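What follows is a single structure, written as C-alpha cells, with notes after it.
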Amino acid sequence: MRALDHIWIIAGKEIREILTNKGLAFSGLFFATWFSIMAGLGITDEQIAGQAQLNNSLFYMGALIGLFVGYIYSGQTYLREKQSGIVETLLCAPVSLRSIWIGKALGVAVPSTALALLAATAITLIAGARSEQALAPSITVIVHLAIVVPIFIVAAVALMGFAQLMLGMRENMIVNMLTIMLLFGALAATRLIVDEAEFVTWTAVGALAGASLGLLAVTWVLGGLLSRERIVRTIS
Amino acid sequence: MAVIEAIYLTKSFGGADAVPVLDGINLSIEAGEVFGYLGPNGAGKTTTIRVLLGLLRPTRGSVRLFGQEPGESDALRARMGVLMENSGLDDRMSAQQSLHFHARLYGVADPAAKIEYLLGFVGLADKRDAKIGTFSTGMKRKLGLARAIVHDPELLFLDEPSAGLDPEAQVMVRELLQELAESHRMTVFINSHHLDEVQRLCSRIAILHRGRIRANDRVEALRRGGAASRLEVRLRERAQAARAAELLDRPSETGDVRIDGATVVLTGDGFDAPEVAAKLVHAGLQIEEVVRPVKSLEDVYFEIVRDEEVQA
C-alpha cells in the first residue's frame, strides 16, 4: 500500500514538473502538433482511401508520437535528475527502487499519452476538415488508442528510464543517438505505411497489444536488475 | 549500542587488482555524537557515506546502522537524513513544494506545520514560494538541510555541508548545524575538508587519507597529540632544567623527559601538571611557566597528511 502511495507521489511530482516546465511542455506540444498536422494533411480527401489512411495514420502515429514525446520527457525525468543528484537523494529515502522507477515512468507516460491522444484528435479533425466526406476513426482504432497505446507508452518509457538509470553517461549518449535515429526512421516511414491499404484490424490491434504487454513484462523483469549501487556508480 | 559501526570496511571499484578506495575502515559512533570525517579530496569520504547509506555495498568488512545492515530496509532509511554535496534539490520546484514532496515520501504527519517550522528554522520563510533555481548556493544548502531533517531523523549524514559557500554563508550553515546538534540531539556524521567547521562542530573526528583512517579520536586529544599528552615546564635557568629533568625522569614515571633550553618537555600519560609543579617547587626550583601545548587541528591534519605523503 505504501509502495503505491510512493508511486503516485513521485508520478504526481513528475507530471506537475512537466506541465510547469515551459520549455519541456512546449517541446512535447510542438512535436505532437507538428506531426499531427503533417499526418492530417497527408490524408487524402477521397472517402474510402481517406478513411483507410486515417485509420492507418492514427494506429501508427498515435503510438509513435507518444513514444517521441515520452523520449523527450524521460530525458528530463531520469537522466537530468540522475546527473543533478536528485535521484541519489531519492535513493536515500524509504522508497523502493521499483517505486521510484515506476513512479517516474507513470509521470512521463501520462502527459505523453495525453499528447498522443490530443494528436490523434488533431489528425482526425484536420483530415475531416479537408475532406468533403465525414471521416472518423474505426472502433478498432479507438480501442487501440484508448488501451494499447497507453500500455505501449508506459512500457517504452519504463524501458528508456531503466536504461537511463542503469547506464553511464557515455552509454546513454550512444543509446540516445540510436533512439533518435530509430524514431526519425520510423517517422520517415510514415508515408509508406499510411498509404498502404488499411491494415488496422482486430488482429493487428491484438498483435500490438500482445507486443506491448510483452514489452511491459520484459521491462518489469528487467526492473529486478535495478540496483542502487549501479545507479550511483554511473552518476558521473 | 553504536549507531554507526564499520568493521574493516573495504571498498574497491573494478577487479580484484584494483586499489581499494576504502581500506579497512573501522568506525564506531555513539548516539548523540557529532562526528567529523576529514580528508582531502579523493580520500574516500563520499564513498564512505555512500556505503554507510547502503547505496554501495562493501567489498569486504561489514557496516551496521542501529545494529542493522544498510541495504534495502525502508524502515532503516526512514531513520536517516541525508544532505549530499550536491544538494539534490529540483530547481523547478518551490522551497515549499520540495519540502512537501519529501515530507510525503517519509510519511510525515502534519507536513504543513513541519514545513512552516523548518522554513523558519533555516531562515527561508519569506522564500517559501520562490523557485529553487533562483536560490543562491547558500540558500540551497539551507533548504537541503531542512529537507534532510523534515522527518526528524535520528541519524544525519552531511557531505561537505559548506562546499561552494562564501564565508558568510559558511557561518550561517555552521550556526544552523550547531543549533541542530544541540536542540535536536541527533547523531550527525559530517564529511568535510573544512577544518574550522569540523573543529567547531564535532566532538570526535577521524582523518581519512588514501582510503585509510590515519587518526580517530576526540578533537582535544588529537590536538594534544593523541593519547600521549605533552607538558612543558619552563624554569628560570638552564641549570634548573637539568635538575628538574633529573627529578622527573625516574623509573616510576612513564613517558619521555627531555630538555630544550630552560624548558623540560614531558611526554606521556603519567605527568599531572599540579603534581609536577609541586615536586619541582618542593625541590627549590623556580618555575616560570607550566604549559600543556595544544596544536591546532590544522597542524594535526597536515602532519598526518604530510607524513603519509612522505611514506608513500
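Residue numbers start at 1 in each chain; chains themselves are named A, B, ... in the order of the C-alpha cells; ligands are numbered from 1 in the order shown.
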(Q) I'd like the contact shell of Arg170 (chain A) - 12 Å cut-off, only C-alpha atoms, skipping same-chain residues fewer than 4 positions apart - returned as JSON, numbers by chain. (A) {"A": [79, 163, 164, 166, 174, 175, 176, 177, 234, 235, 236]}
Q. Using only C-alpha atoms, which residues sit within 10 Å of Thr10 (chain B) once same-chain residues fewer than 2 positions away are excluded, as a list in words?
A.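 Listed by chain and then number, they are Ala6, Ile7, Tyr8, Ser12, Pro20, Val21, Leu22, Asp23, Gly24, Ile25, Asn26, Thr48, Val51, Arg57, Pro58, Thr59, Arg60, Gly61, Ser62, Gly211 and Arg212 of chain B.
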**Q.** Nearest residue to chain B from the set A:Arg130, A:Arg16, A:His144, A:His6 (distances using only C-alpha atoms)
**A.**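 Nearest to chain B: A:His6.
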Considering only C-alpha atoms, give me a table of residues in chain B that are at most 10 Å from chain A, with the closest atom pair and distance in Å for each, as a Markdown table.
```
| residue | atom | partner | partner_atom | distance |
| --- | --- | --- | --- | --- |
| B:Phe13 | CA | A:Arg233 | CA | 9.1 |
| B:Arg50 | CA | A:Val232 | CA | 8.6 |
| B:Val51 | CA | A:Glu229 | CA | 9.2 |
| B:Leu53 | CA | A:Cys92 | CA | 6.9 |
| B:Gly54 | CA | A:Arg228 | CA | 8.1 |
| B:Leu55 | CA | A:Arg228 | CA | 5.3 |
| B:Leu56 | CA | A:Glu229 | CA | 4.8 |
| B:Arg57 | CA | A:Glu229 | CA | 7.0 |
| B:Gly71 | CA | A:Arg228 | CA | 9.0 |
| B:Glu72 | CA | A:Ser96 | CA | 7.5 |
| B:Ser73 | CA | A:Pro94 | CA | 7.6 |
| B:Asp74 | CA | A:Pro94 | CA | 4.1 |
| B:Ala75 | CA | A:Pro94 | CA | 6.6 |
| B:Leu76 | CA | A:Pro94 | CA | 7.7 |
| B:Arg77 | CA | A:Pro94 | CA | 5.1 |
| B:Ala78 | CA | A:Pro94 | CA | 5.3 |
| B:Arg79 | CA | A:Pro94 | CA | 8.9 |
| B:Met80 | CA | A:Cys92 | CA | 8.2 |
| B:Gly81 | CA | A:Cys92 | CA | 8.0 |
| B:Val82 | CA | A:Cys92 | CA | 7.1 |
| B:Leu83 | CA | A:Thr89 | CA | 7.8 |
| B:Met84 | CA | A:Thr89 | CA | 7.5 |
| B:Glu85 | CA | A:Gly85 | CA | 8.9 |
| B:Asn86 | CA | A:Gly85 | CA | 6.0 |
| B:Ser87 | CA | A:Gly85 | CA | 7.2 |
| B:Gly88 | CA | A:Ile86 | CA | 4.2 |
| B:Leu89 | CA | A:Ile86 | CA | 5.9 |
| B:Asp90 | CA | A:Ile86 | CA | 6.7 |
| B:Asp91 | CA | A:Ser84 | CA | 9.7 |
| B:Arg92 | CA | A:Glu17 | CA | 7.0 |
| B:Met93 | CA | A:Glu17 | CA | 7.6 |
| B:Gln97 | CA | A:Lys13 | CA | 9.2 |
| B:Ser98 | CA | A:Lys13 | CA | 9.5 |
| B:Phe101 | CA | A:Ile9 | CA | 7.4 |
| B:His102 | CA | A:Ala93 | CA | 8.4 |
| B:Arg104 | CA | A:Ile9 | CA | 7.4 |
| B:Leu105 | CA | A:His6 | CA | 6.2 |
| B:Tyr106 | CA | A:Pro94 | CA | 6.6 |
| B:Gly107 | CA | A:Arg2 | CA | 9.2 |
| B:Ala148 | CA | A:Thr89 | CA | 9.3 |
```
**Q.** Ala158 (chain A) surroundings by only C-alpha atoms, 7 Å radius, close-in-sequence under 4 positions cut, as a PyMOL selection string
**A.** chain A and resi 102+105+154+162+219
(Q) Just to confirm, what's the straight-line distance from CA of Ser131 (chain A) to CA of Ile65 (chain A) in Å (one decimal)? (A)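 Answer for the CA of Ser131 (chain A) to CA of Ile65 (chain A) separation: 23.3 Å.
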Q) Which residues come within 10 Å of Leu115 (chain A), counting only C-alpha atoms, excluding same-chain residues fewer than 4 positions away, as JSON, numbers by chain? A) {"A": [28, 29, 31, 32, 33, 62, 65, 66, 69, 70, 109, 110, 111, 119, 120, 121]}
Okay, now the selection with N, CA and C atoms, as a tab-separated table (two decimals), in the first residue's frame?
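The result, stored in out_12.tsv:
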```tsv
chain	number	residue	atom	x	y	z
A	28	GLY	N	7.26	19.11	-26.18
A	28	GLY	CA	6.35	17.98	-26.39
A	28	GLY	C	5.15	18.39	-27.23
A	29	LEU	N	4.60	19.56	-26.86
A	29	LEU	CA	3.42	20.05	-27.58
A	29	LEU	C	3.76	20.38	-29.03
A	31	PHE	N	6.19	19.04	-30.98
A	31	PHE	CA	6.35	17.84	-31.80
A	31	PHE	C	5.00	17.16	-32.07
A	32	ALA	N	4.17	17.10	-31.03
A	32	ALA	CA	2.86	16.46	-31.21
A	32	ALA	C	2.04	17.22	-32.24
A	33	THR	N	2.08	18.57	-32.17
A	33	THR	CA	1.31	19.40	-33.11
A	33	THR	C	1.86	19.24	-34.53
A	62	GLY	N	-0.29	7.50	-33.45
A	62	GLY	CA	-0.68	7.59	-32.03
A	62	GLY	C	0.44	7.05	-31.15
A	65	ILE	N	3.94	9.16	-31.82
A	65	ILE	CA	4.00	10.49	-31.18
A	65	ILE	C	4.16	10.33	-29.66
A	66	GLY	N	3.42	9.40	-29.08
A	66	GLY	CA	3.54	9.14	-27.64
A	66	GLY	C	4.96	8.72	-27.28
A	69	VAL	N	7.37	11.83	-27.63
A	69	VAL	CA	7.21	12.78	-26.51
A	69	VAL	C	7.74	12.13	-25.21
A	70	GLY	N	7.46	10.85	-25.05
A	70	GLY	CA	7.96	10.12	-23.87
A	70	GLY	C	9.47	10.13	-23.82
A	109	ALA	N	4.64	8.91	-18.70
A	109	ALA	CA	3.69	8.27	-19.62
A	109	ALA	C	2.34	9.00	-19.65
A	110	VAL	N	1.91	9.54	-18.53
A	110	VAL	CA	0.58	10.19	-18.50
A	110	VAL	C	0.53	11.40	-19.44
A	111	PRO	N	1.46	12.39	-19.31
A	111	PRO	CA	1.39	13.51	-20.27
A	111	PRO	C	1.72	13.09	-21.70
A	119	ALA	N	-3.02	14.51	-30.23
A	119	ALA	CA	-2.51	14.49	-31.61
A	119	ALA	C	-3.44	13.67	-32.51
A	120	ALA	N	-3.93	12.54	-31.97
A	120	ALA	CA	-4.85	11.70	-32.74
A	120	ALA	C	-6.13	12.47	-33.05
A	121	THR	N	-6.62	13.22	-32.07
A	121	THR	CA	-7.81	14.04	-32.28
A	121	THR	C	-7.54	15.09	-33.35
```
**Q.** Residue list (strand (DSSP E or B), DSSP) for region 32-221 of chain B, as an MDAnalysis selection string
**A.** chainID B and resid 34:38 60:65 68 80:83 94 131 155:159 187:192 204:209 212:218
Q: Name the residues of region 156-229 of chain B that come out as alpha helix (DSSP H) in a backbone DSSP run; write them as a PyMOL selection string.
A: chain B and resi 167-184+195-201+219-223
Q | Spatial neighbours of Leu248 (chain B), 8 Å, only C-alpha atoms, chain gap at least 3 places, as a list in words | A | Ala244, Ala245, Glu253, Val257 and Val276 of chain B
Q. Taking only C-alpha atoms into account, which of A:Met173, A:Ala188, A:Leu159, A:Ala209 comes nearest Ile147 (chain A)?
A.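 For Ile147 (chain A), the nearest of the given residues is A:Ala209.
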